[in-house]
Amino acid sequence: MPTESALLNWAKSVPEGFRFSLKVNQQSPHQRLRNCESTLKRFLEVASVLNDGDHLGPILVQLPPNFKFDRPLLEDFLLFAARFRFRLRGAHPPGIPTNVLRSSPAQDGALPVRDR
């Protein structure tokens, strides 16, 4: 994870309208969306410095290939970090139905990114 000062330097070096998409560390417990509050909280605190100047794009979360869809777990995760946009990668079937993410009151437009 880059430092806050590194992210601020990145933001200074790009034109207006440029957005960074950050990927949450794969070693974090976020991979199963369980027990990840403290790790994710620190990540989002650091990432939020890019909100100044609107330089923060979606945050990529890599899910394991065997991730099983659990609607309450997913909604809790998205509520925890509701002010951020996420892209969930690697949710293989049964995975995460796109319509569930689009209809979630916690997340406006979080979409899974499926590997081909």
# chains A, B, ... in the order shown; residues from 1 in each chain; ligands from 1
call {"tool": "residues_around", "arguments": {"residues": "Ser48 of chain A", "least_positions_apart": "6", "cutoff": "12 Å", "atoms": "only C-alpha atoms", "output": "list in words"}}
result
Thr3, Glu4, Ser5, Leu7, Leu8, Ala11, Phe20, Ser21, Leu22, Leu40, Lys41, Arg42, Asp54, His55, Leu56, Gly57, Pro58, Ile59, Ala81, Arg83, Phe84 and Arg85 of chain A
call {"tool": "closest_residue", "arguments": {"among": "A:Asn51, A:Ala6, A:Met1, A:Asp70", "to": "Phe18 of chain A", "atoms": "only C-alpha atoms"}}
result
A:Asn51
call {"tool": "closest_residue", "arguments": {"among": "A:Asn35, A:Pro2, A:Gly53, A:Leu44", "to": "Gly17 of chain A", "atoms": "only C-alpha atoms"}}
result
A:Gly53
call {"tool": "closest_residue", "arguments": {"among": "A:Glu37, A:Arg19, A:Asn25, A:Arg89", "to": "Pro64 of chain A", "atoms": "only C-alpha atoms"}}
result
A:Arg89
call {"tool": "atom_distance", "arguments": {"atom1": "atom CA of Phe69 of chain A", "atom2": "atom CA of Leu88 of chain A"}}
result
12.1 Å
call {"tool": "atom_distance", "arguments": {"atom1": "atom CA of Asp52 of chain A", "atom2": "atom CA of Asp76 of chain A"}}
result
26.4 Å
call {"tool": "closest_residue", "arguments": {"among": "A:Leu33, A:Val24, A:Ala47, A:Val14", "to": "Leu74 of chain A", "atoms": "only C-alpha atoms"}}
result
A:Leu33
call {"tool": "atom_distance", "arguments": {"atom1": "atom CA of Gln62 of chain A", "atom2": "atom CA of Thr39 of chain A"}}
result
14.6 Å
call {"tool": "residues_around", "arguments": {"residues": "Leu60 of chain A", "least_positions_apart": "3", "cutoff": "6 Å", "atoms": "only C-alpha atoms", "output": "list of chain:residue names"}}
result
A:Lys23, A:Phe86, A:Arg87, A:Leu88
